[in-house]
Amino acid sequence: MCVGIPVQLLAVDGIRGEVLEEGQPGIIDLSLTPDAKPGDWLLAFLGASREVITEDEAQKISAALGGLRALMQGGDLGDAFADLDAREPQLPPHLQAARDAGKTTA
């Protein structure tokens, strides 16, 4: 399974980026995010940046990953998914449109 990790871009050298990942320095491939600039938050998979994200998104992803890490070590989730706790489930737009139109089967 591949999990996206939020990282903050510190410096750019062509397609090579210097990042901070959970406070640790690292190197990342910026081929898929060529417009990324120092200070940006990126979602990284297997050493490659896939998407520029907001700081808020980075914090939520980091909290969720931290909660899962704690759970795997015998702890609890705490408030790792606080942003989802009070939210009602939502259908994807195409399914919501079908439901609004009265469709119950395909």
# chains A, B, ... in the order shown; residues from 1 in each chain; ligands from 1
call {"tool": "residues_around", "arguments": {"residues": "A:Ala36", "least_positions_apart": "3", "cutoff": "8 Å", "atoms": "only C-alpha atoms", "output": "ChimeraX atom specification"}}
result
/A:9,30,33,40,52
call {"tool": "write_last_selection", "arguments": {"atoms": "N, CA, C and O atoms", "output": "compact mmCIF listing (two decimals), in the first residue's frame"}}
result
# COMPACT_ATOMS: atom_id res chain seq x y z
N LEU A 9 8.50 21.86 1.32
CA LEU A 9 9.61 22.10 0.42
C LEU A 9 10.49 23.23 0.95
O LEU A 9 10.01 24.32 1.25
N LEU A 30 10.59 16.33 -7.97
CA LEU A 30 9.55 17.33 -8.23
C LEU A 30 9.02 17.28 -9.66
O LEU A 30 8.34 18.21 -10.11
N THR A 33 5.40 18.06 -10.00
CA THR A 33 4.96 19.35 -9.44
C THR A 33 6.00 20.43 -9.77
O THR A 33 6.61 21.01 -8.87
N ASP A 40 6.14 25.65 0.05
CA ASP A 40 4.94 24.88 -0.30
C ASP A 40 4.91 23.57 0.46
O ASP A 40 5.94 22.98 0.79
N VAL A 52 0.68 19.65 -4.85
CA VAL A 52 0.86 20.75 -3.91
C VAL A 52 -0.42 20.83 -3.09
O VAL A 52 -1.53 20.81 -3.65
call {"tool": "select_by_dssp", "arguments": {"residues": "stretch 8-68 of chain A", "states": "helix (DSSP H, G or I)", "output": "JSON, numbers by chain"}}
result
{"A": [55, 56, 57, 58, 59, 60, 61, 62, 63, 64, 65, 66, 67, 68]}
call {"tool": "atom_distance", "arguments": {"atom1": "atom CA of A:Pro38", "atom2": "atom CA of A:Arg50"}}
result
15.6 Å
call {"tool": "closest_residue", "arguments": {"among": "A:Ile27, A:Leu42, A:Ala63, A:Ala101", "to": "A:Val7", "atoms": "only C-alpha atoms"}}
result
A:Leu42
call {"tool": "closest_residue", "arguments": {"among": "A:Pro34, A:Asp100, A:Gln59, A:Val19", "to": "A:Phe81", "atoms": "only C-alpha atoms"}}
result
A:Gln59
call {"tool": "closest_residue", "arguments": {"among": "A:Asp29, A:Glu22, A:Gln90, A:Gly14", "to": "A:Ser62", "atoms": "only C-alpha atoms"}}
result
A:Glu22
call {"tool": "closest_residue", "arguments": {"among": "A:Gln73, A:Arg99, A:Asp79, A:Leu91", "to": "A:Lys60", "atoms": "only C-alpha atoms"}}
result
A:Asp79
call {"tool": "closest_residue", "arguments": {"among": "A:Cys2, A:Leu71, A:Ala80, A:Ile15", "to": "A:Asp35", "atoms": "only C-alpha atoms"}}
result
A:Ile15
call {"tool": "residues_around", "arguments": {"residues": "A:Asp76", "least_positions_apart": "5", "cutoff": "12 Å", "atoms": "only C-alpha atoms", "output": "list in words"}}
result
Ala64, Gly66, Gly67, Leu68, Arg69, Ala70, Leu71 and Phe81 of chain A
call {"tool": "write_last_selection", "arguments": {"atoms": "all heavy atoms", "output": "tab-separated table (two decimals), in the first residue's frame"}}
result
chain	number	residue	atom	x	y	z
A	64	ALA	N	-3.90	12.47	10.99
A	64	ALA	CA	-4.47	11.16	10.71
A	64	ALA	C	-3.41	10.07	10.73
A	64	ALA	O	-3.60	9.00	11.32
A	64	ALA	CB	-5.19	11.18	9.36
A	66	GLY	N	-0.55	10.18	12.31
A	66	GLY	CA	-0.11	10.04	13.70
A	66	GLY	C	-1.08	9.20	14.51
A	66	GLY	O	-0.68	8.37	15.33
A	67	GLY	N	-2.38	9.41	14.29
A	67	GLY	CA	-3.39	8.62	14.99
A	67	GLY	C	-3.33	7.16	14.61
A	67	GLY	O	-3.42	6.28	15.48
A	68	LEU	N	-3.16	6.89	13.34
A	68	LEU	CA	-3.04	5.49	12.90
A	68	LEU	C	-1.78	4.84	13.48
A	68	LEU	O	-1.79	3.68	13.89
A	68	LEU	CB	-3.03	5.41	11.38
A	68	LEU	CG	-4.34	5.79	10.70
A	68	LEU	CD1	-4.18	5.81	9.19
A	68	LEU	CD2	-5.45	4.83	11.10
A	69	ARG	N	-0.69	5.60	13.52
A	69	ARG	CA	0.56	5.10	14.09
A	69	ARG	C	0.35	4.74	15.57
A	69	ARG	O	0.77	3.67	16.04
A	69	ARG	CB	1.65	6.15	13.93
A	69	ARG	CG	3.05	5.65	14.01
A	69	ARG	CD	4.09	6.75	13.70
A	69	ARG	NE	4.00	7.25	12.33
A	69	ARG	CZ	3.67	8.50	11.98
A	69	ARG	NH1	3.42	9.41	12.90
A	69	ARG	NH2	3.61	8.86	10.72
A	70	ALA	N	-0.32	5.63	16.30
A	70	ALA	CA	-0.59	5.38	17.72
A	70	ALA	C	-1.48	4.16	17.90
A	70	ALA	O	-1.24	3.33	18.78
A	70	ALA	CB	-1.25	6.62	18.35
A	71	LEU	N	-2.50	4.03	17.07
A	71	LEU	CA	-3.41	2.89	17.14
A	71	LEU	C	-2.66	1.58	16.89
A	71	LEU	O	-2.87	0.59	17.59
A	71	LEU	CB	-4.53	3.06	16.11
A	71	LEU	CG	-5.68	2.07	16.18
A	71	LEU	CD1	-6.45	2.23	17.47
A	71	LEU	CD2	-6.60	2.26	14.99
A	81	PHE	N	-8.87	12.27	13.73
A	81	PHE	CA	-9.83	12.46	12.65
A	81	PHE	C	-10.92	13.45	13.07
A	81	PHE	O	-12.06	13.34	12.65
A	81	PHE	CB	-10.44	11.12	12.24
A	81	PHE	CG	-9.44	10.19	11.61
A	81	PHE	CD1	-8.73	9.27	12.37
A	81	PHE	CD2	-9.18	10.26	10.25
A	81	PHE	CE1	-7.80	8.42	11.79
A	81	PHE	CE2	-8.24	9.42	9.66
A	81	PHE	CZ	-7.54	8.51	10.43
call {"tool": "decode", "arguments": {"residues": "stretch 3-87 of chain A", "atoms": "C-alpha atoms", "output": "compact mmCIF listing (two decimals), in the first residue's frame"}}
result
# COMPACT_ATOMS: atom_id res chain seq x y z
CA VAL A 3 0.55 6.26 1.62
CA GLY A 4 0.99 9.94 0.83
CA ILE A 5 3.14 11.83 3.31
CA PRO A 6 2.97 15.64 3.67
CA VAL A 7 6.34 17.32 3.34
CA GLN A 8 7.38 20.98 3.25
CA LEU A 9 9.61 22.10 0.42
CA LEU A 10 12.75 23.93 1.56
CA ALA A 11 14.72 24.36 -1.68
CA VAL A 12 14.46 23.54 -5.38
CA ASP A 13 17.29 22.47 -7.69
CA GLY A 14 15.76 21.55 -11.05
CA ILE A 15 13.54 18.54 -10.39
CA ARG A 16 15.23 17.84 -7.05
CA GLY A 17 13.65 19.24 -3.93
CA GLU A 18 14.97 19.44 -0.41
CA VAL A 19 12.15 18.82 2.06
CA LEU A 20 11.31 18.41 5.71
CA GLU A 21 9.36 15.23 6.47
CA GLU A 22 8.24 15.07 10.10
CA GLY A 23 11.16 17.33 11.02
CA GLN A 24 13.72 15.23 9.13
CA PRO A 25 15.50 16.51 6.00
CA GLY A 26 15.08 14.60 2.76
CA ILE A 27 15.22 14.74 -1.02
CA ILE A 28 12.21 14.44 -3.31
CA ASP A 29 11.55 14.28 -7.05
CA LEU A 30 9.55 17.33 -8.23
CA SER A 31 8.92 16.13 -11.80
CA LEU A 32 5.13 16.02 -11.29
CA THR A 33 4.96 19.35 -9.44
CA PRO A 34 7.27 21.62 -11.46
CA ASP A 35 5.65 24.83 -10.15
CA ALA A 36 6.32 23.98 -6.48
CA LYS A 37 8.35 26.59 -4.65
CA PRO A 38 10.09 26.73 -1.27
CA GLY A 39 7.57 26.94 1.55
CA ASP A 40 4.94 24.88 -0.30
CA TRP A 41 3.48 21.76 1.24
CA LEU A 42 3.55 18.69 -0.98
CA LEU A 43 1.95 15.27 -0.85
CA ALA A 44 4.74 12.78 -1.49
CA PHE A 45 4.55 9.11 -2.47
CA LEU A 46 7.65 6.93 -2.64
CA GLY A 47 10.06 9.86 -2.86
CA ALA A 48 8.11 11.80 -5.49
CA SER A 49 5.88 14.82 -5.03
CA ARG A 50 2.45 14.24 -6.55
CA GLU A 51 0.49 17.32 -5.50
CA VAL A 52 0.86 20.75 -3.91
CA ILE A 53 -1.46 20.91 -0.88
CA THR A 54 -2.41 23.55 1.66
CA GLU A 55 -0.84 23.73 5.10
CA ASP A 56 -4.26 22.86 6.57
CA GLU A 57 -4.45 19.70 4.44
CA ALA A 58 -0.89 18.80 5.46
CA GLN A 59 -1.79 19.16 9.15
CA LYS A 60 -4.93 17.02 8.80
CA ILE A 61 -3.04 14.28 6.94
CA SER A 62 -0.22 14.36 9.51
CA ALA A 63 -2.75 14.11 12.37
CA ALA A 64 -4.47 11.16 10.71
CA LEU A 65 -1.19 9.35 10.11
CA GLY A 66 -0.11 10.04 13.70
CA GLY A 67 -3.39 8.62 14.99
CA LEU A 68 -3.04 5.49 12.90
CA ARG A 69 0.56 5.10 14.09
CA ALA A 70 -0.59 5.38 17.72
CA LEU A 71 -3.41 2.89 17.14
CA MET A 72 -0.99 0.36 15.62
CA GLN A 73 1.19 0.71 18.74
CA GLY A 74 -1.73 -0.09 21.04
CA GLY A 75 -2.87 3.47 21.74
CA ASP A 76 -6.01 5.20 20.55
CA LEU A 77 -6.82 7.57 17.73
CA GLY A 78 -7.37 10.55 19.99
CA ASP A 79 -8.56 13.46 17.84
CA ALA A 80 -6.66 12.34 14.74
CA PHE A 81 -9.83 12.46 12.65
CA ALA A 82 -11.50 15.42 14.38
CA ASP A 83 -12.21 17.06 11.02
CA LEU A 84 -14.41 14.06 10.09
CA ASP A 85 -16.13 13.40 13.43
CA ALA A 86 -18.87 16.01 13.10
CA ARG A 87 -19.28 15.69 9.35
